[in-house]
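Raw my_file.cif, mmCIF, C-alpha atoms:
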```cif
data_data
#
loop_
_atom_site.label_atom_id
_atom_site.label_comp_id
_atom_site.auth_asym_id
_atom_site.auth_seq_id
_atom_site.Cartn_x
_atom_site.Cartn_y
_atom_site.Cartn_z
CA MET A 1 20.57 1.82 -1.26
CA LYS A 2 17.61 0.17 0.47
CA GLU A 3 19.15 -3.27 -0.06
CA LYS A 4 22.40 -2.09 1.55
CA ILE A 5 20.53 -0.68 4.54
CA GLU A 6 18.56 -3.89 5.00
CA GLU A 7 21.80 -5.87 4.79
CA PHE A 8 23.34 -3.76 7.56
CA ILE A 9 20.30 -4.13 9.82
CA ARG A 10 20.43 -7.91 9.43
CA GLU A 11 24.16 -7.95 10.17
CA PHE A 12 23.71 -5.59 13.13
CA LEU A 13 20.98 -7.66 14.76
CA SER A 14 22.99 -10.81 14.10
CA ALA A 15 25.98 -9.26 15.88
CA ILE A 16 23.81 -8.47 18.90
CA GLN A 17 22.67 -12.07 19.02
CA SER A 18 26.25 -13.34 18.67
CA SER A 19 27.43 -11.16 21.54
CA LYS A 20 24.81 -12.64 23.83
CA LEU A 21 25.47 -16.23 22.76
CA TYR A 22 29.27 -16.24 22.61
CA GLY A 23 30.51 -13.16 24.45
CA LEU A 24 32.41 -10.13 23.21
CA GLU A 25 35.78 -11.85 22.83
CA HIS A 26 34.65 -14.85 20.82
CA PRO A 27 35.80 -15.07 17.16
CA ILE A 28 32.22 -15.62 15.99
CA PHE A 29 31.16 -12.30 17.53
CA LYS A 30 34.24 -10.53 16.14
CA SER A 31 33.39 -11.83 12.67
CA ALA A 32 29.74 -10.72 13.02
CA LEU A 33 30.91 -7.30 14.24
CA ASP A 34 33.25 -6.85 11.28
CA LYS A 35 30.47 -7.75 8.84
CA ALA A 36 28.08 -5.31 10.48
CA TYR A 37 30.65 -2.51 10.46
CA LYS A 38 31.53 -3.13 6.81
CA SER A 39 27.85 -2.97 5.86
CA LEU A 40 27.35 0.20 7.88
CA SER A 41 30.40 1.83 6.26
CA ASN A 42 29.01 1.04 2.80
CA VAL A 43 25.75 2.78 3.72
CA LEU A 44 27.36 5.84 5.30
CA ALA A 45 29.66 6.29 2.32
CA GLN A 46 26.56 7.45 0.43
CA ARG A 47 24.63 9.34 3.11
CA ASP A 48 25.30 11.48 6.18
CA ASP A 49 23.46 9.29 8.66
CA LEU A 50 21.21 6.29 9.07
CA ILE A 51 18.22 6.17 11.39
CA ILE A 52 16.72 2.79 12.24
CA GLY A 53 13.85 2.19 14.60
CA ILE A 54 11.94 -0.54 16.40
CA ILE A 55 8.16 -0.09 16.44
CA ALA A 56 5.80 -2.88 17.49
CA GLU A 57 7.21 -5.87 15.57
CA GLU A 58 8.51 -3.72 12.72
CA VAL A 59 11.99 -2.52 11.87
CA VAL A 60 12.12 0.81 10.01
CA PHE A 61 14.88 2.93 8.56
CA ASP A 62 14.25 6.65 8.35
CA LYS A 63 10.50 6.52 7.66
CA GLU A 64 10.50 3.39 5.52
CA ILE A 65 9.17 0.09 6.81
CA ILE A 66 11.27 -2.99 6.12
CA SER A 67 8.63 -5.27 4.68
CA ASP A 68 10.50 -8.50 5.36
CA SER A 69 11.44 -7.69 8.93
CA SER A 70 10.00 -11.03 10.05
CA SER A 71 13.16 -12.60 8.60
CA LEU A 72 15.34 -10.54 10.91
CA SER A 73 16.36 -11.56 14.39
CA LYS A 74 13.20 -11.42 16.49
CA SER A 75 15.06 -12.02 19.74
CA ALA A 76 17.40 -9.09 19.07
CA VAL A 77 14.44 -6.84 18.30
CA ASP A 78 12.76 -7.92 21.53
CA TYR A 79 16.04 -7.24 23.35
CA LEU A 80 16.08 -3.62 22.15
CA LYS A 81 12.40 -3.12 22.92
CA ALA A 82 12.89 -4.40 26.48
CA ARG A 83 15.37 -1.60 27.07
CA GLY A 84 13.06 1.06 25.71
CA ILE A 85 15.22 1.67 22.64
CA GLU A 86 13.13 2.71 19.64
CA ARG A 87 15.64 4.71 17.62
CA ILE A 88 19.34 4.33 16.79
CA VAL A 89 21.13 6.99 14.73
CA PHE A 90 24.46 6.16 13.06
CA SER A 91 26.33 9.21 11.75
CA ARG A 92 29.01 9.29 9.08
CA GLY A 93 32.41 8.83 10.67
CA VAL A 94 31.31 6.12 13.10
CA ARG A 95 34.24 3.94 14.14
CA LEU A 96 34.43 0.20 14.71
CA PHE A 97 34.98 0.57 18.46
CA GLU A 98 31.81 2.72 18.71
CA LEU A 99 29.71 0.00 17.15
CA GLU A 100 31.34 -2.54 19.46
CA LYS A 101 30.62 -0.35 22.52
CA LEU A 102 26.97 -0.06 21.48
CA ILE A 103 26.56 -3.82 21.09
CA ALA A 104 28.39 -4.41 24.39
CA LEU A 105 25.92 -2.10 26.06
CA PHE A 106 23.02 -4.05 24.59
CA SER A 107 24.60 -7.33 25.71
CA ALA A 108 24.83 -6.37 29.37
CA ALA A 109 22.68 -8.56 31.56
CA LYS A 110 21.62 -5.60 33.69
CA GLU A 111 18.65 -3.69 32.30
CA GLU A 112 19.23 0.04 32.55
CA PRO A 113 16.75 2.85 31.78
CA LEU A 114 17.18 4.55 28.43
CA GLU A 115 18.68 7.70 30.00
CA LYS A 116 21.39 5.62 31.72
CA LEU A 117 22.22 3.85 28.46
CA GLN A 118 22.60 7.18 26.68
CA GLU A 119 24.91 8.44 29.40
CA THR A 120 27.03 5.28 29.30
CA LEU A 121 27.56 5.63 25.56
CA MET A 122 28.61 9.26 25.93
CA LEU A 123 31.12 8.45 28.69
CA ALA A 124 32.57 5.63 26.55
CA GLY A 125 33.48 8.14 23.83
CA VAL A 126 30.74 7.12 21.40
CA ASP A 127 30.13 10.36 19.48
CA ASN A 128 28.66 9.08 16.22
CA ILE A 129 25.86 6.87 17.55
CA ASP A 130 22.75 8.10 19.36
CA ILE A 131 19.88 6.08 20.87
CA GLY A 132 16.44 7.22 21.98
CA LYS A 133 12.71 7.21 21.28
CA ILE A 134 11.15 7.43 17.84
CA GLY A 135 8.79 10.15 16.58
CA LYS A 136 5.04 9.75 16.92
CA GLU A 137 4.48 10.33 13.21
CA ILE A 138 6.52 7.23 12.32
CA LYS A 139 4.66 5.16 14.90
CA ALA A 140 1.39 6.26 13.36
CA ARG A 141 2.58 5.19 9.94
CA VAL A 142 3.51 1.69 11.14
CA VAL A 143 0.16 1.24 12.89
CA LYS A 144 -1.58 2.43 9.73
CA GLU A 145 0.24 -0.04 7.47
CA GLU A 146 0.20 -3.02 9.85
CA PRO A 147 -3.08 -4.46 8.43
CA PHE A 148 -1.56 -4.57 4.93
CA LYS A 149 1.32 -6.72 6.17
CA ASP A 150 -1.11 -9.41 7.34
CA ILE A 151 -3.13 -9.12 4.13
CA THR A 152 0.03 -9.58 2.08
CA SER A 153 0.93 -12.66 4.11
CA SER A 154 -2.50 -14.21 3.44
CA LEU A 155 -2.21 -13.57 -0.31
CA LEU A 156 1.24 -15.13 -0.46
CA LYS A 157 0.12 -18.22 1.46
CA ILE A 158 -2.80 -18.78 -0.89
CA LEU A 159 -0.49 -18.40 -3.88
CA ASN A 160 1.76 -21.07 -2.35
CA ARG A 161 -1.30 -23.24 -1.60
CA GLN A 162 -0.58 -23.06 2.12
CA SER A 163 -3.02 -22.79 4.99
CA PHE A 164 -3.46 -19.36 6.55
CA ASP A 165 -5.15 -17.86 9.58
CA VAL A 166 -8.46 -16.50 8.26
CA GLY A 167 -9.06 -14.85 11.64
CA ILE A 168 -6.00 -12.64 11.20
CA LEU A 169 -7.08 -11.77 7.66
CA LYS A 170 -10.57 -10.80 8.78
CA SER A 171 -9.18 -8.81 11.69
CA SER A 172 -6.90 -6.88 9.33
CA ILE A 173 -9.74 -6.09 6.95
CA ASN A 174 -11.95 -5.09 9.87
CA ASN A 175 -9.24 -2.61 10.92
CA ILE A 176 -9.45 -1.09 7.45
CA ILE A 177 -13.25 -0.98 7.62
CA LYS A 178 -13.04 1.14 10.78
CA ASN A 179 -11.22 3.86 8.82
CA LEU A 180 -12.71 3.49 5.36
CA ASP A 181 -13.39 7.18 4.80
CA SER A 182 -9.68 7.97 5.09
CA GLN A 183 -8.31 4.68 3.78
CA TYR A 184 -9.88 4.88 0.35
CA GLN A 185 -8.16 8.23 -0.23
CA GLN A 186 -4.78 6.56 0.34
CA ILE A 187 -5.18 3.53 -1.94
CA LEU A 188 -3.02 4.90 -4.72
CA LYS A 189 -0.10 5.40 -2.34
CA LEU A 190 0.31 1.80 -1.18
CA ASN A 191 3.69 0.35 -2.07
CA THR A 192 4.32 -2.26 0.61
CA LEU A 193 3.64 -5.34 -1.55
CA LYS A 194 6.68 -6.43 -3.45
CA ARG A 195 6.88 -10.11 -4.27
CA TYR A 196 5.47 -11.60 -7.47
CA ASP A 197 3.94 -8.84 -9.60
CA SER A 198 3.78 -5.79 -7.33
CA THR A 199 1.41 -3.90 -9.63
CA THR A 200 -1.17 -6.69 -9.38
CA PHE A 201 -0.71 -6.94 -5.59
CA ILE A 202 -1.30 -3.24 -5.10
CA HIS A 203 -4.31 -3.39 -7.42
CA LEU A 204 -5.82 -6.19 -5.32
CA VAL A 205 -5.57 -4.16 -2.12
CA ASN A 206 -6.75 -0.96 -3.80
CA THR A 207 -9.81 -2.67 -5.23
CA SER A 208 -10.61 -4.27 -1.88
CA ILE A 209 -10.53 -0.93 -0.03
CA LEU A 210 -12.49 0.87 -2.75
CA SER A 211 -15.12 -1.91 -2.89
CA MET A 212 -15.60 -1.82 0.88
CA PHE A 213 -15.86 1.98 0.82
CA PHE A 214 -18.49 1.80 -1.95
CA ALA A 215 -20.40 -0.96 -0.14
CA SER A 216 -20.38 1.03 3.12
CA LYS A 217 -21.90 4.03 1.35
CA LEU A 218 -24.56 1.78 -0.16
CA GLY A 219 -25.58 0.69 3.35
CA PHE A 220 -24.40 -2.92 3.39
CA THR A 221 -23.95 -4.47 6.82
CA LYS A 222 -20.49 -4.80 8.31
CA GLU A 223 -20.59 -8.58 7.79
CA VAL A 224 -21.33 -8.19 4.08
CA ILE A 225 -18.71 -5.44 3.72
CA LEU A 226 -16.14 -7.84 5.17
CA GLU A 227 -17.20 -10.51 2.66
CA ILE A 228 -16.92 -7.97 -0.16
CA GLY A 229 -13.47 -6.92 1.05
CA ILE A 230 -12.15 -10.48 1.02
CA SER A 231 -13.75 -11.20 -2.35
CA ALA A 232 -12.27 -8.07 -3.93
CA LEU A 233 -8.88 -8.84 -2.39
CA PHE A 234 -8.74 -12.17 -4.23
CA HIS A 235 -10.53 -11.15 -7.45
CA ASP A 236 -7.39 -10.94 -9.62
CA ILE A 237 -5.20 -13.44 -7.83
CA GLY A 238 -5.16 -15.60 -10.96
CA LYS A 239 -3.09 -12.92 -12.70
CA LEU A 240 -0.23 -13.69 -10.38
CA TYR A 241 0.17 -17.01 -12.19
CA ILE A 242 0.54 -15.35 -15.55
CA SER A 243 3.91 -14.29 -16.88
CA ARG A 244 4.71 -10.69 -16.02
CA SER A 245 6.02 -10.22 -19.56
CA VAL A 246 2.43 -10.76 -20.72
CA ILE A 247 0.81 -8.62 -18.02
CA ARG A 248 3.15 -5.68 -18.65
CA LYS A 249 3.55 -6.04 -22.43
CA PRO A 250 3.23 -2.58 -24.02
CA GLU A 251 2.34 -3.95 -27.46
CA GLN A 252 -0.94 -5.55 -28.44
CA LEU A 253 -1.23 -9.10 -27.10
CA SER A 254 -1.17 -12.01 -29.52
CA GLU A 255 -4.21 -14.25 -29.70
CA SER A 256 -2.57 -16.87 -27.48
CA GLU A 257 -1.39 -14.22 -24.99
CA PHE A 258 -4.85 -12.70 -24.81
CA SER A 259 -6.35 -16.13 -24.20
CA LEU A 260 -3.81 -16.72 -21.43
CA MET A 261 -4.68 -13.35 -19.87
CA GLN A 262 -8.40 -14.16 -19.92
CA SER A 263 -7.75 -17.47 -18.18
CA HIS A 264 -6.89 -15.64 -14.93
CA THR A 265 -10.55 -15.68 -13.87
CA VAL A 266 -10.73 -19.47 -14.03
CA LEU A 267 -7.23 -19.89 -12.56
CA GLY A 268 -8.07 -17.62 -9.64
CA SER A 269 -11.45 -19.14 -8.83
CA THR A 270 -10.03 -22.67 -9.01
CA LEU A 271 -7.29 -21.72 -6.56
CA ILE A 272 -9.67 -20.00 -4.14
CA LEU A 273 -12.09 -22.92 -4.13
CA ARG A 274 -9.48 -24.81 -2.10
CA TYR A 275 -10.22 -22.38 0.77
CA VAL A 276 -14.00 -22.29 0.57
CA ASP A 277 -14.30 -23.81 4.07
CA THR A 278 -12.45 -20.86 5.61
CA ILE A 279 -13.36 -17.84 3.48
CA GLY A 280 -16.67 -18.93 1.98
CA ILE A 281 -17.77 -19.26 -1.64
CA MET A 282 -18.12 -15.58 -2.58
CA PRO A 283 -14.39 -14.89 -3.27
CA ALA A 284 -14.38 -17.73 -5.81
CA VAL A 285 -17.60 -16.42 -7.38
CA VAL A 286 -16.22 -12.89 -7.74
CA SER A 287 -12.89 -14.14 -9.11
CA PHE A 288 -14.79 -16.11 -11.76
CA GLU A 289 -17.39 -13.44 -12.61
CA HIS A 290 -15.69 -10.05 -12.42
CA HIS A 291 -15.04 -9.93 -16.19
CA LEU A 292 -18.38 -11.40 -17.29
CA LYS A 293 -19.84 -7.88 -17.78
CA TYR A 294 -23.37 -6.87 -16.93
CA ASP A 295 -24.71 -7.99 -20.33
CA LEU A 296 -22.58 -11.20 -20.28
CA SER A 297 -20.50 -10.10 -23.28
CA GLY A 298 -17.26 -10.58 -21.34
CA TYR A 299 -15.40 -13.70 -20.29
CA PRO A 300 -15.38 -16.58 -19.48
CA LYS A 301 -18.24 -17.65 -21.72
CA LEU A 302 -21.00 -19.46 -19.84
CA SER A 303 -22.89 -22.57 -20.95
CA PHE A 304 -25.88 -21.39 -18.94
CA PRO A 305 -25.87 -17.58 -19.05
CA ARG A 306 -26.89 -15.74 -15.91
CA ARG A 307 -26.23 -12.23 -14.66
CA PRO A 308 -23.22 -11.87 -12.31
CA HIS A 309 -23.84 -11.71 -8.57
CA ILE A 310 -24.41 -8.17 -7.28
CA ILE A 311 -21.12 -8.33 -5.36
CA SER A 312 -19.31 -9.27 -8.58
CA GLN A 313 -20.96 -6.30 -10.29
CA LEU A 314 -19.84 -3.98 -7.51
CA VAL A 315 -16.26 -5.29 -7.49
CA SER A 316 -16.14 -5.06 -11.30
CA ILE A 317 -16.78 -1.30 -11.15
CA CYS A 318 -14.08 -0.76 -8.53
CA ASP A 319 -11.69 -3.06 -10.41
CA VAL A 320 -11.95 -1.09 -13.66
CA TYR A 321 -11.87 2.27 -11.90
CA ASP A 322 -8.64 1.46 -10.05
CA ALA A 323 -7.05 -0.01 -13.20
CA LEU A 324 -7.80 3.19 -15.12
CA THR A 325 -6.27 5.36 -12.40
CA GLN A 326 -2.99 3.44 -12.45
CA ARG A 327 -0.04 3.95 -14.74
CA ARG A 328 0.79 0.84 -16.71
CA SER A 329 3.50 -0.12 -19.19
CA TYR A 330 0.86 -0.03 -21.90
CA LYS A 331 -0.88 3.24 -20.97
CA SER A 332 -0.59 6.54 -19.13
CA ASP A 333 -2.79 7.35 -16.18
CA TYR A 334 -6.04 8.96 -17.33
CA PRO A 335 -7.47 12.25 -16.04
CA PRO A 336 -10.48 11.72 -13.72
CA ASP A 337 -12.99 13.22 -16.17
CA VAL A 338 -11.74 10.88 -18.93
CA ILE A 339 -12.11 7.89 -16.59
CA TYR A 340 -15.70 8.97 -15.94
CA GLU A 341 -16.41 9.15 -19.69
CA ILE A 342 -14.77 5.80 -20.40
CA MET A 343 -16.74 3.99 -17.72
CA MET A 344 -20.01 5.70 -18.63
CA ARG A 345 -19.68 4.26 -22.13
CA GLY A 346 -20.11 0.87 -20.46
CA ARG A 347 -23.25 1.89 -18.60
CA GLY A 348 -25.81 -0.88 -19.07
CA THR A 349 -23.41 -3.12 -21.01
CA THR A 350 -20.21 -3.59 -19.02
CA PHE A 351 -21.65 -2.20 -15.77
CA ASN A 352 -24.89 -2.25 -13.84
CA PRO A 353 -26.26 1.23 -14.72
CA GLU A 354 -27.73 1.99 -11.30
CA LEU A 355 -24.58 0.88 -9.48
CA LEU A 356 -22.37 2.90 -11.82
CA ASP A 357 -24.40 6.07 -11.30
CA LYS A 358 -24.26 5.60 -7.55
CA PHE A 359 -20.52 4.95 -7.64
CA PHE A 360 -19.75 8.27 -9.31
CA SER A 361 -22.18 10.12 -7.09
CA ILE A 362 -20.05 8.87 -4.17
CA VAL A 363 -16.48 9.23 -5.49
CA GLY A 364 -17.29 12.07 -7.89
CA ALA A 365 -16.08 12.70 -11.41
CA TRP A 366 -13.29 14.67 -9.71
CA PRO A 367 -12.31 12.56 -6.65
CA ILE A 368 -11.16 14.08 -3.38
CA GLY A 369 -7.47 14.96 -3.59
CA THR A 370 -7.55 15.84 -7.32
CA ILE A 371 -5.51 18.95 -8.18
CA VAL A 372 -7.51 21.14 -10.58
CA GLY A 373 -7.15 24.38 -12.47
CA LEU A 374 -10.25 26.56 -12.26
CA SER A 375 -11.75 28.81 -14.92
CA ASP A 376 -10.72 31.90 -12.92
CA ASN A 377 -7.03 30.80 -13.14
CA ARG A 378 -6.83 29.69 -9.49
CA VAL A 379 -5.54 26.26 -8.51
CA GLY A 380 -7.29 24.07 -5.97
CA VAL A 381 -7.61 20.57 -4.60
CA VAL A 382 -10.96 18.77 -4.46
CA CYS A 383 -11.96 18.42 -0.82
CA GLY A 384 -15.60 17.31 -0.96
CA ILE A 385 -18.18 15.69 -3.25
CA ASN A 386 -21.70 16.84 -4.12
CA GLU A 387 -23.50 13.56 -4.76
CA ASP A 388 -26.13 15.15 -6.99
CA GLU A 389 -23.49 17.03 -9.02
CA PRO A 390 -20.42 14.82 -9.53
CA PHE A 391 -18.75 17.41 -11.79
CA LEU A 392 -19.20 20.23 -9.28
CA PRO A 393 -17.26 19.33 -6.13
CA LYS A 394 -16.04 21.43 -3.22
CA VAL A 395 -12.56 22.82 -3.81
CA ARG A 396 -9.93 24.20 -1.45
CA ILE A 397 -7.91 26.94 -3.14
CA ILE A 398 -4.13 26.46 -2.79
CA ALA A 399 -2.81 29.05 -5.26
CA PRO A 400 -2.38 31.93 -5.26
CA GLU A 401 -1.69 31.79 -1.53
CA GLU A 402 -3.41 35.08 -0.74
CA GLU A 403 -6.71 33.67 -2.05
CA LYS A 404 -6.70 30.45 -0.01
CA GLY A 405 -10.13 29.26 1.11
CA GLU A 406 -12.84 26.76 0.27
CA ILE A 407 -15.50 27.15 -2.43
CA ASP A 408 -18.43 24.98 -3.47
CA LEU A 409 -18.63 24.82 -7.26
CA LYS A 410 -22.25 23.75 -7.00
CA ASP A 411 -23.11 27.15 -5.57
CA LYS A 412 -21.00 28.95 -8.16
CA SER A 413 -21.61 26.71 -11.17
CA ARG A 414 -22.35 29.64 -13.47
CA ALA A 415 -19.23 31.56 -12.50
CA ILE A 416 -16.46 29.06 -11.70
CA LYS A 417 -15.84 25.61 -13.14
CA ILE A 418 -13.02 23.10 -13.31
CA GLU A 419 -11.15 23.80 -16.51
CA ARG A 420 -8.30 21.31 -16.37
CA TYR A 421 -6.74 18.47 -14.43
CA LEU A 422 -3.22 18.96 -13.06
CA ASN A 423 -1.44 15.60 -13.04
CA PRO A 424 0.55 15.32 -9.76
CA PHE A 425 3.36 13.59 -11.67
CA LYS A 426 3.57 16.37 -14.24
CA GLU A 427 2.11 19.86 -14.23
CA GLY A 428 0.62 19.44 -10.75
CA LYS A 429 3.89 18.39 -9.14
CA ASP A 430 4.79 21.92 -8.02
CA TYR A 431 1.55 22.17 -6.04
CA LEU A 432 1.98 18.99 -3.97
CA THR A 433 3.70 20.80 -1.12
CA LEU A 434 0.72 23.14 -0.83
CA ILE A 435 -1.82 20.36 -0.25
#
```

Represent the supplied structure as structure tokens.
Amino acid sequence: MKEKIEEFIREFLSAIQSSKLYGLEHPIFKSALDKAYKSLSNVLAQRDDLIIGIIAEEVVFDKEIISDSSSLSKSAVDYLKARGIERIVFSRGVRLFELEKLIALFSAAKEEPLEKLQETLMLAGVDNIDIGKIGKEIKARVVKEEPFKDITSSLLKILNRQSFDVGILKSSINNIIKNLDSQYQQILKLNTLKRYDSTTFIHLVNTSILSMFFASKLGFTKEVILEIGISALFHDIGKLYISRSVIRKPEQLSESEFSLMQSHTVLGSTLILRYVDTIGIMPAVVSFEHHLKYDLSGYPKLSFPRRPHIISQLVSICDVYDALTQRRSYKSDYPPDVIYEIMMRGRGTTFNPELLDKFFSIVGAWPIGTIVGLSDNRVGVVCGINEDEPFLPKVRIIAPEEEKGEIDLKDKSRAIKIERYLNPFKEGKDYLTLI
């Protein structure tokens, strides 16, 4: 369905452009109009209406951002924005002449206020199309996701060995830094990166946000946090050169496949070294070192062994933590307490022990947002962390409804404890609407 909607939006904006260039009677416009109407009819055959919007430089439908909107007609988007039009609703039953009347209205040289445009459509007998402003909540979403669009662009340009604007990349990461406390809670929800291997793309962004959040809590300066964010963003970029059939293979990898997988650290660092003049040396260092392990038992093997840089050690913890939280073709997502146990087994070998302890004191064994079943049969969501007691967080009760409220398990450790994890994709799904 999304592909059909995107096709219509492209055809619609193209028809607007054609009307301005050739006029409403020209065969080229008529052809563009017919294509747009056919696309719209295909969409509305499967849904009651279609809402598209113009926000900043983004095109959205319903509440979904079109990630490749830069390929759409920028001049047509600007044309709509100049007339104050942020939202267009197409209802099932729309007729060809209604779409033509709408485009004719947009093509008029005279700029009318939005209220006048709405009135003109109504008087022209257009009953199945409505124009207006867009809701504030959708605007907020676009503003929130805008930095990730620029980050994605930078990643793609590096993969294609193209130059990129490091200033825009740093500005985007700085925007994330300003809201780290809320951003790190959202990292598992990002789904805006689609080209190449989307799982690896999302993992890169997740690890970057989590690494910056961790670094900020450790007291690093803003300049160093920015460096850590960029380094974490590129740490696994070498994986994007490896066949997705290998990355996603559910069975055990063959010896040659495992060797190919391990080569991503060298592939990534070699690629990033081309950009050392713009992003510095640290991203290449982290890409090379993030699988070395604290005791150097990892890969690649070094001719002159030395402990990984502290930033590599920090990113390594966030890298593994995010990977364990994600569903993969070869594993299910692990409960938070199991992730804690798995990573603690690597304390002093895989991970710097002091850094690992500090990490879990910050994110907790039960991270904020985790749905949990308590020993007194109530259900709650973790809403705060006690740094000295990672297994005893603050919990907001969500069921039963008459017992809603907040409790601190640290204060009630003898009476109430977390008994089980409620997976939001399984047994916790019914509680999502209560959060």

Worksheet item: Could you name the residues that touch Met343 of chain A at 10 Å or less, counting all atoms listed in the file, but leaving out those on the same chain fewer than 6 positions away, as a list in words?
Response: Ile317, Val320, Tyr321, Leu324, Thr350, Phe351, Leu356 and Phe360 of chain A

Worksheet item: For Glu11 of chain A, which residue out of A:Ile397, A:Glu25, A:Lys38, A:Gly298 is the nearest one, using all atoms listed in the file?
Response: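 Of A:Ile397, A:Glu25, A:Lys38, A:Gly298, the one nearest Glu11 of chain A is A:Lys38, counting all atoms listed in the file.
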
Discussion item. The PyMOL selection byres ((chain A and resi 291-294) around 10) - which residues does that actually catch in the file I just gave you? List them as a ChimeraX atom specification.
Written reply: /A:235,262,265,286-290,295-302,305-310,312-313,315-317,319-320,346-353

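For segment 5-8 of chain A, the residues within 6 Å (counting all atoms listed in the file, excluding itself and residues fewer than 3 positions away along the chain) are Lys2, Glu11, Phe12, Ala36, Ser39 and Leu40 of chain A.
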
Those same residues, written as an mmCIF file, in the coordinates of the input with C-alpha atoms?
```cif
data_model
loop_
_atom_site.group_PDB
_atom_site.id
_atom_site.type_symbol
_atom_site.label_atom_id
_atom_site.label_comp_id
_atom_site.auth_asym_id
_atom_site.auth_seq_id
_atom_site.Cartn_x
_atom_site.Cartn_y
_atom_site.Cartn_z
ATOM 1 C CA LYS A 2 17.610 0.170 0.470
ATOM 2 C CA GLU A 11 24.160 -7.950 10.170
ATOM 3 C CA PHE A 12 23.710 -5.590 13.130
ATOM 4 C CA ALA A 36 28.080 -5.310 10.480
ATOM 5 C CA SER A 39 27.850 -2.970 5.860
ATOM 6 C CA LEU A 40 27.350 0.200 7.880
#
```

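You will find atom CA of Ala108 of chain A at 8.4 Å from atom CA of Lys20 of chain A.
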
Discussion item. Suppose a student applies the PyMOL selection byres ((chain A and resi 159) around 9) to this structure; what residues should they get, written as a list in words?
Written reply: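 So the PyMOL selection byres ((chain A and resi 159) around 9), applied here, picks out Ser154, Leu155, Leu156, Lys157, Ile158, Asn160, Arg161, Gln162, Ile237, Gly238, Leu240, Tyr241 and Leu271 of chain A.
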
Fill in: Spatial neighbours of segment 89-94 of chain A, 8 Å, all atoms listed in the file, chain gap at least 3 places, as a list in words
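Non-adjacent residues within range: Leu44, Ala45, Arg47, Asp48, Asp49, Leu50, Ile51, Ile52, Glu98, Leu99, Asp127, Asn128, Ile129, Asp130 and Ile131 of chain A.
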